[in-house]
Each structure stands twice: as structure tokens, then as C-alpha cells.
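Chemist: My structure file model_16.txt, compact mmCIF, C-alpha atoms and all ligand atoms, is below:
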# COMPACT_ATOMS: atom_id res chain seq x y z
CA MET V 1 -13.65 3.84 -7.54
CA ALA V 2 -11.07 5.81 -9.50
CA HIS V 3 -9.08 3.94 -12.11
CA TYR V 4 -5.56 5.32 -12.40
CA ASN V 5 -3.76 5.22 -15.74
CA PHE V 6 -0.10 4.30 -15.35
CA ASP V 7 0.30 3.78 -19.11
CA GLU V 8 0.08 7.51 -19.69
CA ILE V 9 3.29 9.09 -20.96
CA ILE V 10 3.87 12.39 -19.21
CA GLU V 11 6.42 14.83 -20.59
CA ARG V 12 8.71 15.50 -17.64
CA ARG V 13 11.48 17.24 -19.54
CA GLY V 14 11.61 20.92 -18.76
CA SER V 15 10.09 20.48 -15.28
CA ASP V 16 13.54 20.64 -13.61
CA CYS V 17 13.23 16.96 -12.79
CA PHE V 18 16.50 15.28 -12.00
CA LYS V 19 15.76 12.04 -13.83
CA TRP V 20 15.18 13.64 -17.26
CA ASP V 21 16.67 17.12 -17.04
CA ALA V 22 20.04 16.16 -15.49
CA LEU V 23 20.89 13.69 -18.29
CA PRO V 24 23.29 15.98 -20.18
CA GLU V 25 25.16 16.78 -16.98
CA MET V 26 25.27 13.20 -15.69
CA TYR V 27 25.57 11.15 -18.91
CA GLY V 28 26.91 13.67 -21.41
CA ARG V 29 23.80 13.64 -23.60
CA GLY V 30 20.14 14.48 -23.19
CA ASP V 31 18.56 12.06 -25.67
CA LEU V 32 18.56 9.05 -23.34
CA LEU V 33 15.67 7.08 -21.94
CA PRO V 34 16.22 7.61 -18.22
CA MET V 35 15.94 4.37 -16.24
CA TRP V 36 18.14 5.51 -13.36
CA VAL V 37 17.02 7.94 -10.56
CA ALA V 38 14.56 6.18 -8.25
CA ASP V 39 11.36 8.00 -8.92
CA MET V 40 8.49 6.96 -11.16
CA ASP V 41 7.23 8.53 -14.37
CA TYR V 42 3.62 8.29 -13.20
CA ARG V 43 1.39 11.23 -12.40
CA SER V 44 1.57 12.11 -8.70
CA PRO V 45 -1.83 11.23 -7.20
CA ASP V 46 -4.76 13.58 -7.79
CA PHE V 47 -5.63 13.73 -4.07
CA VAL V 48 -2.10 14.97 -3.25
CA MET V 49 -2.15 17.56 -6.02
CA GLU V 50 -5.61 18.69 -4.96
CA ALA V 51 -4.55 19.11 -1.31
CA ILE V 52 -1.56 21.23 -2.38
CA ARG V 53 -3.70 23.34 -4.72
CA ARG V 54 -6.21 23.87 -1.92
CA ARG V 55 -3.46 25.00 0.43
CA CYS V 56 -2.27 27.46 -2.21
CA GLU V 57 -5.63 29.16 -2.10
CA HIS V 58 -4.45 30.67 1.17
CA ASP V 59 -2.17 33.48 0.14
CA VAL V 60 0.38 33.37 2.95
CA LEU V 61 3.19 30.81 2.86
CA GLY V 62 4.77 31.71 6.19
CA TYR V 63 6.42 29.40 8.74
CA THR V 64 4.47 26.21 9.27
CA MET V 65 4.10 23.29 11.65
CA PRO V 66 2.84 19.71 11.37
CA SER V 67 -0.90 19.60 12.03
CA GLU V 68 -2.82 17.01 14.06
CA GLY V 69 -4.19 15.78 10.73
CA TYR V 70 -0.62 15.16 9.53
CA TRP V 71 0.32 13.21 12.67
CA ASN V 72 -2.91 11.19 12.56
CA ALA V 73 -2.27 10.27 8.94
CA VAL V 74 1.32 9.19 9.68
CA THR V 75 0.54 7.23 12.85
CA GLY V 76 -2.50 5.62 11.20
CA TRP V 77 -0.39 4.46 8.25
CA LEU V 78 2.35 3.00 10.45
CA LYS V 79 -0.16 1.14 12.59
CA THR V 80 -2.25 -0.24 9.73
CA HIS V 81 0.66 -1.29 7.54
CA TYR V 82 3.48 -2.18 9.91
CA SER V 83 1.98 -2.72 13.38
CA ILE V 84 4.00 0.22 14.71
CA THR V 85 1.94 1.89 17.40
CA ALA V 86 3.78 5.19 17.55
CA THR V 87 2.67 8.34 19.29
CA LYS V 88 3.61 11.61 17.67
CA GLU V 89 6.25 12.09 20.40
CA GLU V 90 8.03 9.01 19.04
CA LEU V 91 8.15 10.50 15.54
CA HIS V 92 9.99 13.39 13.97
CA TYR V 93 9.60 14.99 10.57
CA ILE V 94 12.75 14.65 8.46
CA PRO V 95 13.35 16.62 5.25
CA GLY V 96 14.73 13.55 3.48
CA ILE V 97 16.17 10.19 4.40
CA VAL V 98 19.65 10.84 3.03
CA ALA V 99 19.71 13.94 5.22
CA GLY V 100 18.31 11.86 8.10
CA ILE V 101 21.16 9.36 7.83
CA ALA V 102 23.66 12.23 7.69
CA PHE V 103 22.10 13.64 10.87
CA VAL V 104 22.48 10.27 12.62
CA LEU V 105 26.13 10.08 11.60
CA LEU V 106 26.84 13.60 12.80
CA SER V 107 24.92 13.39 16.06
CA LEU V 108 25.44 9.81 17.26
CA THR V 109 28.86 8.82 15.95
CA GLU V 110 32.33 10.36 16.06
CA PRO V 111 34.92 10.88 13.32
CA LYS V 112 36.70 7.60 12.49
CA ASP V 113 33.93 5.48 14.06
CA LYS V 114 33.28 2.36 12.02
CA VAL V 115 30.03 2.19 10.06
CA LEU V 116 28.85 -1.02 8.39
CA VAL V 117 26.86 -1.34 5.17
CA THR V 118 26.03 -4.39 3.03
CA THR V 119 27.05 -4.02 -0.62
CA PRO V 120 25.94 -3.54 -3.32
CA VAL V 121 23.96 -0.70 -1.78
CA TYR V 122 22.31 2.65 -2.50
CA PRO V 123 25.35 4.93 -3.14
CA PRO V 124 24.69 7.52 -0.38
CA PHE V 125 25.16 4.70 2.17
CA LEU V 126 28.77 4.63 0.98
CA ASN V 127 29.20 8.35 0.49
CA LEU V 128 27.74 9.63 3.77
CA PRO V 129 30.15 7.81 6.11
CA ARG V 130 33.05 8.86 3.88
CA ALA V 131 31.92 12.47 3.68
CA SER V 132 31.53 12.63 7.46
CA LYS V 133 35.03 11.12 7.89
CA ARG V 134 33.75 7.94 9.51
CA THR V 135 35.33 4.60 8.60
CA LEU V 136 33.27 2.70 6.07
CA VAL V 137 33.11 -1.08 6.47
CA CYS V 138 31.48 -3.12 3.69
CA SER V 139 30.03 -6.60 4.04
CA PRO V 140 29.24 -7.95 0.54
CA LEU V 141 25.88 -9.64 0.08
CA LYS V 142 25.70 -13.11 -1.45
CA ILE V 143 23.31 -14.05 -4.21
CA GLU V 144 21.26 -17.12 -3.27
CA ASN V 145 18.47 -18.40 -5.51
CA GLY V 146 18.48 -15.17 -7.49
CA ARG V 147 18.11 -12.88 -4.46
CA PHE V 148 20.45 -11.00 -2.16
CA ALA V 149 21.26 -12.63 1.16
CA ILE V 150 23.38 -11.42 4.06
CA ASP V 151 26.61 -13.36 4.49
CA PHE V 152 26.24 -13.68 8.24
CA GLU V 153 29.71 -15.05 8.83
CA ASP V 154 31.26 -12.00 7.17
CA PHE V 155 28.65 -9.66 8.68
CA GLU V 156 29.33 -10.76 12.25
CA GLN V 157 33.07 -10.61 11.76
CA LYS V 158 32.92 -7.09 10.30
CA ILE V 159 30.41 -5.67 12.75
CA ALA V 160 32.74 -6.11 15.71
CA GLY V 161 33.89 -2.61 16.67
CA CYS V 162 31.30 -0.82 14.51
CA LYS V 163 29.14 1.93 15.98
CA LEU V 164 26.43 1.91 13.35
CA PHE V 165 24.86 -0.40 10.78
CA ILE V 166 22.98 1.37 7.99
CA MET V 167 20.44 -1.05 6.55
CA SER V 168 18.24 -0.66 3.50
CA ASN V 169 15.05 -2.53 4.38
CA PRO V 170 13.90 -3.46 1.73
CA HIS V 171 17.31 -3.44 0.10
CA ASN V 172 18.24 -1.04 -2.69
CA PRO V 173 19.27 -2.18 -5.32
CA ALA V 174 16.68 -4.83 -6.24
CA GLY V 175 14.18 -4.41 -3.43
CA THR V 176 15.09 -7.50 -1.45
CA VAL V 177 12.55 -8.00 1.34
CA TRP V 178 14.52 -9.17 4.35
CA GLY V 179 11.84 -10.96 6.36
CA THR V 180 11.50 -11.63 10.07
CA GLU V 181 14.09 -14.37 10.42
CA THR V 182 16.89 -12.38 8.79
CA LEU V 183 16.01 -9.21 10.67
CA ARG V 184 15.94 -11.07 14.02
CA ARG V 185 19.36 -12.46 13.30
CA VAL V 186 20.64 -8.98 12.46
CA ALA V 187 19.05 -7.65 15.65
CA ASP V 188 20.64 -10.36 17.82
CA ILE V 189 24.08 -9.67 16.37
CA CYS V 190 23.77 -5.88 16.61
CA GLU V 191 22.48 -6.11 20.18
CA ARG V 192 25.39 -8.36 21.20
CA HIS V 193 27.89 -5.92 19.68
CA GLY V 194 26.19 -2.76 20.98
CA VAL V 195 25.59 -1.45 17.46
CA LEU V 196 23.03 1.21 16.60
CA VAL V 197 20.93 0.32 13.54
CA VAL V 198 19.44 2.71 11.02
CA SER V 199 16.64 0.96 9.17
CA ASP V 200 15.90 2.90 5.99
CA GLU V 201 12.41 1.74 5.04
CA ILE V 202 11.70 4.21 2.25
CA HIS V 203 10.77 1.37 -0.14
CA ALA V 204 8.57 -0.50 2.36
CA ASP V 205 5.22 0.71 1.03
CA LEU V 206 6.19 -0.59 -2.40
CA THR V 207 6.50 -4.21 -1.27
CA LEU V 208 5.03 -6.34 -4.03
CA PRO V 209 2.51 -9.03 -3.10
CA PRO V 210 2.91 -11.77 -1.99
CA HIS V 211 5.99 -10.42 -0.17
CA LEU V 212 5.44 -8.70 3.16
CA HIS V 213 7.50 -5.91 4.64
CA VAL V 214 8.60 -6.33 8.23
CA SER V 215 9.67 -3.18 10.01
CA TYR V 216 12.99 -3.73 11.80
CA SER V 217 11.86 -2.17 15.07
CA THR V 218 9.07 -4.75 15.42
CA VAL V 219 11.16 -7.94 15.32
CA SER V 220 12.29 -7.84 18.97
CA GLU V 221 12.49 -5.60 22.03
CA ALA V 222 16.22 -5.24 21.40
CA ALA V 223 15.60 -4.09 17.83
CA LYS V 224 13.06 -1.55 19.04
CA HIS V 225 15.57 -0.06 21.47
CA HIS V 226 18.71 0.01 19.35
CA SER V 227 17.24 1.33 16.11
CA ILE V 228 16.17 4.43 14.23
CA THR V 229 13.62 3.86 11.46
CA PHE V 230 13.11 6.15 8.49
CA MET V 231 9.92 5.96 6.42
CA ALA V 232 8.48 8.24 3.75
CA PRO V 233 5.59 8.68 1.32
CA SER V 234 8.08 9.99 -1.24
CA LYS V 235 8.74 6.81 -3.25
CA THR V 236 5.31 5.33 -2.60
CA PHE V 237 3.31 8.20 -4.05
CA ASN V 238 5.93 9.65 -6.38
CA ILE V 239 6.26 12.86 -4.39
CA ALA V 240 10.00 12.73 -3.60
CA GLY V 241 10.35 16.37 -4.66
CA LEU V 242 8.32 17.43 -1.63
CA GLY V 243 10.99 16.20 0.81
CA SER V 244 8.73 14.61 3.37
CA SER V 245 9.97 11.78 5.60
CA THR V 246 9.42 10.53 9.11
CA CYS V 247 11.75 9.16 11.71
CA TYR V 248 10.50 6.69 14.33
CA ILE V 249 12.45 5.84 17.49
CA GLY V 250 10.96 3.45 20.05
CA ASP V 251 13.61 4.05 22.71
CA GLN V 252 13.17 7.09 24.91
CA ALA V 253 16.84 7.80 25.64
CA LEU V 254 17.83 7.45 21.98
CA ARG V 255 14.90 9.64 20.99
CA ARG V 256 15.97 12.37 23.39
CA ARG V 257 19.49 12.34 21.99
CA PHE V 258 18.55 12.32 18.32
CA PHE V 259 15.42 14.47 18.33
CA GLY V 260 17.16 16.84 20.75
CA TRP V 261 20.00 17.21 18.25
CA LEU V 262 17.59 17.77 15.33
CA ASP V 263 15.70 20.47 17.23
CA GLY V 264 18.85 22.05 18.62
CA MET V 265 20.42 22.28 15.19
CA GLY V 266 17.18 23.42 13.52
CA VAL V 267 17.59 21.07 10.57
CA ALA V 268 14.23 19.30 10.51
CA GLY V 269 11.57 21.97 10.64
CA GLY V 270 9.48 21.04 7.64
CA ASN V 271 7.70 22.92 4.91
CA ILE V 272 4.09 23.51 4.02
CA PHE V 273 3.92 21.25 0.97
CA ALA V 274 5.77 18.39 2.65
CA PHE V 275 3.18 18.25 5.42
CA THR V 276 0.18 18.87 3.16
CA GLY V 277 1.30 16.30 0.58
CA ALA V 278 2.22 13.60 3.09
CA GLU V 279 -1.03 13.97 4.99
CA ALA V 280 -3.12 13.66 1.83
CA ALA V 281 -1.05 10.71 0.60
CA PHE V 282 -1.33 8.71 3.81
CA ALA V 283 -4.96 9.63 4.44
CA HIS V 284 -6.28 8.86 0.94
CA GLY V 285 -3.59 6.81 -0.80
CA GLU V 286 -4.34 3.13 -0.29
CA GLU V 287 -6.40 2.58 -3.43
CA TRP V 288 -3.84 4.43 -5.58
CA ARG V 289 -1.02 2.44 -3.98
CA GLN V 290 -2.73 -0.90 -4.66
CA GLN V 291 -3.33 -0.09 -8.32
CA MET V 292 0.24 1.20 -8.72
CA LEU V 293 1.67 -1.97 -7.12
CA ALA V 294 -0.32 -4.15 -9.52
CA TYR V 295 1.11 -2.13 -12.41
CA LEU V 296 4.66 -2.41 -11.05
CA ASN V 297 4.26 -6.13 -10.49
CA ASN V 298 3.30 -6.44 -14.14
CA ASN V 299 6.43 -4.50 -15.16
CA VAL V 300 8.55 -6.86 -13.06
CA GLN V 301 6.94 -9.83 -14.82
CA THR V 302 7.54 -8.13 -18.17
CA LEU V 303 11.24 -7.77 -17.37
CA LYS V 304 11.42 -11.37 -16.18
CA ARG V 305 9.80 -12.65 -19.38
CA PHE V 306 11.97 -10.44 -21.57
CA LEU V 307 15.16 -11.69 -19.96
CA ALA V 308 14.10 -15.34 -20.08
CA GLU V 309 13.15 -15.14 -23.76
CA GLN V 310 15.60 -12.61 -25.18
CA MET V 311 18.62 -12.23 -22.90
CA PRO V 312 18.84 -15.42 -20.85
CA ALA V 313 22.52 -14.84 -20.10
CA VAL V 314 21.70 -11.82 -17.92
CA LYS V 315 21.73 -12.76 -14.25
CA ALA V 316 19.07 -10.61 -12.65
CA VAL V 317 17.99 -9.89 -9.11
CA LEU V 318 14.35 -8.93 -9.50
CA PRO V 319 12.49 -6.68 -7.08
CA GLU V 320 10.38 -8.09 -4.26
CA ALA V 321 9.66 -4.50 -3.35
CA SER V 322 9.82 -1.33 -5.38
CA TYR V 323 10.82 -0.89 -9.01
CA LEU V 324 14.58 -1.39 -9.14
CA ALA V 325 16.23 -4.45 -10.64
CA TRP V 326 19.89 -5.48 -10.67
CA LEU V 327 21.23 -6.79 -13.97
CA ASP V 328 24.52 -8.64 -14.26
CA PHE V 329 25.83 -8.65 -17.85
CA SER V 330 29.10 -10.46 -17.10
CA ALA V 331 28.22 -13.45 -19.32
CA TYR V 332 28.60 -11.23 -22.39
CA GLY V 333 32.28 -10.65 -21.62
CA ILE V 334 32.21 -6.93 -22.42
CA ALA V 335 34.66 -4.74 -20.49
CA HIS V 336 33.10 -2.25 -18.10
CA LYS V 337 33.97 0.89 -20.03
CA GLU V 338 32.76 -0.54 -23.31
CA LEU V 339 29.53 -1.82 -21.72
CA ALA V 340 28.78 1.57 -20.14
CA ASN V 341 29.56 3.27 -23.44
CA ARG V 342 27.26 0.97 -25.43
CA LEU V 343 24.39 1.45 -22.98
CA ILE V 344 24.67 5.23 -23.17
CA ASN V 345 25.70 5.86 -26.75
CA GLU V 346 24.10 2.93 -28.59
CA ALA V 347 21.12 1.86 -26.48
CA ARG V 348 20.71 5.48 -25.38
CA VAL V 349 19.43 4.45 -21.97
CA ALA V 350 20.56 5.83 -18.63
CA LEU V 351 21.03 3.03 -16.09
CA ASN V 352 22.87 3.24 -12.76
CA ASP V 353 26.41 1.91 -13.02
CA GLY V 354 26.97 -0.99 -10.61
CA THR V 355 30.34 0.36 -9.48
CA THR V 356 28.61 3.23 -7.69
CA PHE V 357 26.94 0.64 -5.42
CA GLY V 358 30.18 -0.71 -4.03
CA GLY V 359 33.14 -0.54 -6.40
CA LYS V 360 34.87 -2.76 -8.93
CA ASP V 361 33.14 -5.99 -7.87
CA TYR V 362 29.99 -4.68 -9.53
CA GLU V 363 31.41 -3.40 -12.80
CA HIS V 364 29.35 -5.76 -14.94
CA CYS V 365 26.15 -4.81 -13.17
CA PHE V 366 23.66 -2.05 -13.80
CA ARG V 367 20.52 -1.05 -11.93
CA ILE V 368 17.40 -0.46 -13.99
CA ASN V 369 14.32 1.49 -12.92
CA LEU V 370 11.02 -0.13 -13.95
CA GLY V 371 8.79 2.65 -12.58
CA CYS V 372 7.62 3.81 -16.00
CA PRO V 373 4.85 3.08 -18.51
CA GLN V 374 5.22 -0.44 -19.88
CA SER V 375 5.75 0.87 -23.42
CA LEU V 376 8.88 2.76 -22.29
CA LEU V 377 10.14 -0.27 -20.38
CA LEU V 378 9.84 -2.46 -23.49
CA GLU V 379 11.50 0.17 -25.64
CA GLY V 380 14.39 0.45 -23.17
CA LEU V 381 14.82 -3.33 -22.98
CA ASP V 382 14.85 -3.71 -26.79
CA ARG V 383 17.49 -1.02 -27.04
CA ILE V 384 19.62 -2.60 -24.30
CA LYS V 385 19.44 -5.98 -26.04
CA ALA V 386 20.48 -4.53 -29.40
CA ALA V 387 23.49 -2.75 -27.90
CA VAL V 388 24.70 -5.59 -25.66
CA MET V 389 24.11 -8.51 -28.04
CA ARG V 390 25.29 -6.99 -31.33
C1 LIG F 401 17.24 3.25 0.19
C2 LIG F 401 17.01 4.69 -0.11
N1 LIG F 401 17.09 5.60 0.87
C3 LIG F 401 16.88 6.91 0.66
C4 LIG F 401 16.59 7.39 -0.61
C5 LIG F 401 16.40 8.85 -0.83
O1 LIG F 401 15.64 9.40 0.18
P1 LIG F 401 15.40 10.96 0.29
O2 LIG F 401 14.99 11.43 -1.06
O3 LIG F 401 14.30 11.05 1.28
O4 LIG F 401 16.66 11.56 0.77
C6 LIG F 401 16.50 6.49 -1.67
C7 LIG F 401 16.22 6.98 -3.03
O5 LIG F 401 16.47 6.33 -4.00
C8 LIG F 401 16.70 5.11 -1.42
O6 LIG F 401 16.60 4.21 -2.39
Output the structure of this file as C-alpha cells.
Ligand SMILES: Cc1ncc(COP(=O)(O)O)c(C=O)c1O
Modeler:
Amino acid sequence: MAHYNFDEIIERRGSDCFKWDALPEMYGRGDLLPMWVADMDYRSPDFVMEAIRRRCEHDVLGYTMPSEGYWNAVTGWLKTHYSITATKEELHYIPGIVAGIAFVLLSLTEPKDKVLVTTPVYPPFLNLPRASKRTLVCSPLKIENGRFAIDFEDFEQKIAGCKLFIMSNPHNPAGTVWGTETLRRVADICERHGVLVVSDEIHADLTLPPHLHVSYSTVSEAAKHHSITFMAPSKTFNIAGLGSSTCYIGDQALRRRFFGWLDGMGVAGGNIFAFTGAEAAFAHGEEWRQQMLAYLNNNVQTLKRFLAEQMPAVKAVLPEASYLAWLDFSAYGIAHKELANRLINEARVALNDGTTFGGKDYEHCFRINLGCPQSLLLEGLDRIKAAVMR
């Protein structure tokens, strides 16, 4: 059995990678430790790289199509991990989930239609409805026992009149795993109000034991018929640059409308490396995934210990899935601008500013990415402590 080394420090600068190479543009300086963009600093798996190299041995990179091997790998993964028994007709390749959500907005809603999200949330959930001139409606999450929870009173009030609910399942930031009971309640409410649900499950494969991911479409017949699910190997196997995602729709009429639009508009055709990489990842990736999850779990524990021992005033929402944690620094009483400045120019770390996840309410919060070698995580945390607690 291969033993994968997630402690290895890989130089990513100069590879046109957004996380490291966009620092000067995004933060005004390049000498930061990047703990922002949601990809990992680990080597992409050898079996994915090998499959891509093998494909490159054929010297023609003309138009492509998903192979039977690709569909078998995707359907096998969905069945084994999430009890979704999908045929390939119920699935569609999608170049990326942000694009997929944009396609849903453009094809299944009209300008000014109301679209609900629960904040704080992954910034494109806020930006896409705005950019497509829909009406954004935000239902703030509560924090209960150190984890995000839906405020169902507010949620049900706000969802009336909405066309679409865009859900991050698990939730970004902080990888909250929603669980069957919560998802059933969401499904009941959305069904009663005739709301279409997008369940973005890009972080599902990164659910950290003992938590279990539940796919939204599986919680009830209603959920299956009023939802569109997006999944991807991109976060799981650190291959986001390939742009390879999948859309699952259990309802035939909805499928015809959405897949018909995708095909008619020619926006979801796919590329050679997306198919090759995804097939290899799903077909051979379980052992790699398990070892990577154990490493991530250890990083989460490291953060938890660090905060308890060194910065107990930070209120944190720690990940139950994936590698993103939500840190609330409000106890230190530092104004937002000063806090952001200290993190960048003194700690020299790049975190995601909480305001981008839902506005002023989150100005004392920052999202941190733990998907890195433990040595870099500890270095980043020491630097954050020195800048915040000086
Ligand atoms: C919840 C969520 N959805 C979608 C994405 C991005 O997906 P894609 O790269 O496929 O557009 C991310 C990346 O951070 C994410 O966290």
C-alpha cells in the first residue's frame, strides 16, 4: 500500500497557481503565507498525474467526449459513497460548480427572481445572483455549540416567494455537515414553497470521520425531485485546475430543462484532462482520500489545540468536513481595517476576510485554510497570534 507524504513542502510559486501567484494582485504583496483559496498544498495524486501523462502520449488533443470508463467511475463513486444510484443519463459533466450555479440561475430563474442563501457563505453564492440581476435574500446562520445552524424561523420566513435556494452541503465556510434531520426540514420547507434547491456538495468527499455526509437528494422523494446536486473530484483530490464536476438531477422534467439548456448553449462540453483526471481519481482514489482525511483531521486537531492553549479568546467554527475554519477575533476589540492590516502586513498571512462571506456582520471573522503541511499551519498560527495579541 502506498504511503502518501502530506508533510512535503512543494514550491507552487511560479506555477500560475491562484493561491500563491495571485497574492500581489489580491493582497498587495507576494511574501504572504497563503491560507485563503480553497485548494490544498499537497501533491495531486500520482494515479491522476500518471493517467494524464499516459493520455499525453497520444499526440492529438482534438475534441473529446466522456468515456464509459469516466461514467462508470462517477456512478460507482456516487453509489458507494452516497447511495445515489444514478445512470449516466441522470448526470451531466459541468466545467465547474460556480459555472454550474450560474447556469442554473440563467436557465431556471428570471431577472429579479428571489434567491436565498444562508450567510456567512462562499462568496460566489452572493455574487452570482447579483451578477445575474436576481434578488439576493440572505438568511443568517446561528452559531450553536460552536457550529453553524440554520435559523429555521428566519429561513422559512425568507424563503416565501423565493425561486431558488443555493445550499452549500457541507457548508463553506467551516465545513458544517448538515445531517439528515436538518436536510429533511429544509426539503419539507422548500417543497411547501415550491422552491428549487441547488445542493453544492463539492466538499462532501472531504467529510471528516466520524461525521457522515448526506446527499440532499437522498433525504426524501420531494428532495430528489426539486433539487440539482453538484459534486466534483476537484477539492477531494486537489485537481481543481482541471475543471471537472458533475451535476446529478433525479427528476426527469427538471433534467430535460437543465441539461437541454446546457447542451443547447454548448457550455458544458468538457475537456480531455477533466475527464481523464476525474476518471482516475474516482477509480483509484479511495486509499489516497483516506490518508489525506487522516492528515486533515490532524490539522484540525492542531488548530483546536493551538486556539485552546494560545488564543482562547478566538471563537472558532471548526470543520466537520474539508479544511476551512472560521475564526472570530472580536474578543480582541481590534477594528476591522486594523485587524486585516495586521494579518497581512505583520503576520504576513493571507486569510479570507469575513465580510466577503456576507457583509459587515462578519468583519471580525476570517476564514483559514488548513489544507497545507502541518509545519506551515503552525508557522501561520504563530504569526497570527503575534500580530493579533501584541
Ligand atoms: C462551496 C463551494 N462551491 C464551489 C466551489 C468552486 O467550485 P468550482 O471550482 O468547481 O467552480 C468552491 C471552492 O472553494 C466551494 O467552496
Chemist: My list of candidates is V:Ile94, V:Cys17, V:Leu105, V:Cys162. Which is closest to V:Ala274 when distances are computed with only C-alpha atoms?
Modeler: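 When distances to V:Ala274 are compared using only C-alpha atoms, the smallest one comes from V:Ile94.
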Chemist: So which one's closest to V:Thr85, V:Gly250, V:Gly285, V:Pro210, V:Gly359? Using all atoms listed in the file, please.
Modeler: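 Comparing V:Gly250, V:Gly285, V:Pro210, V:Gly359 against V:Thr85, the winner is V:Gly250.
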Chemist: Name each residue within 8 Å of ligand LIG 401 (chain F), counting all atoms listed in the file, as a VMD selection string.
Modeler: chain V and resid 37 to 39 95 to 100 122 124 168 to 173 200 to 203 232 234 to 235 240 to 241 243 to 245
Chemist: Choose the residue, out of V:Thr236, V:Thr75, V:Thr246, V:Asn297, that has the smallest atom-to-atom separation from V:Ala281; count all atoms listed in the file.
Modeler: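 Using all atoms listed in the file, the shortest distance to V:Ala281 belongs to V:Thr236.
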Chemist: For V:Ala280, which residue among V:Ser375, V:Ile239, V:Leu164, V:Tyr27 is the nearest when counting only C-alpha atoms?
Modeler: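 Residue with the minimum atom-to-atom distance to V:Ala280: V:Ile239.
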Chemist: Taking all atoms listed in the file into account, name the residue in V:Gly266, V:Gly30, V:Pro209, V:Gly333 that is nearest to V:Phe18.
Modeler: V:Gly30
Chemist: Go through V:Cys372, V:Val137, V:Leu378, V:Ile384 and flag the residue nearest V:Arg12, using all atoms listed in the file for the distances.
Modeler: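 Closest candidate: V:Cys372.
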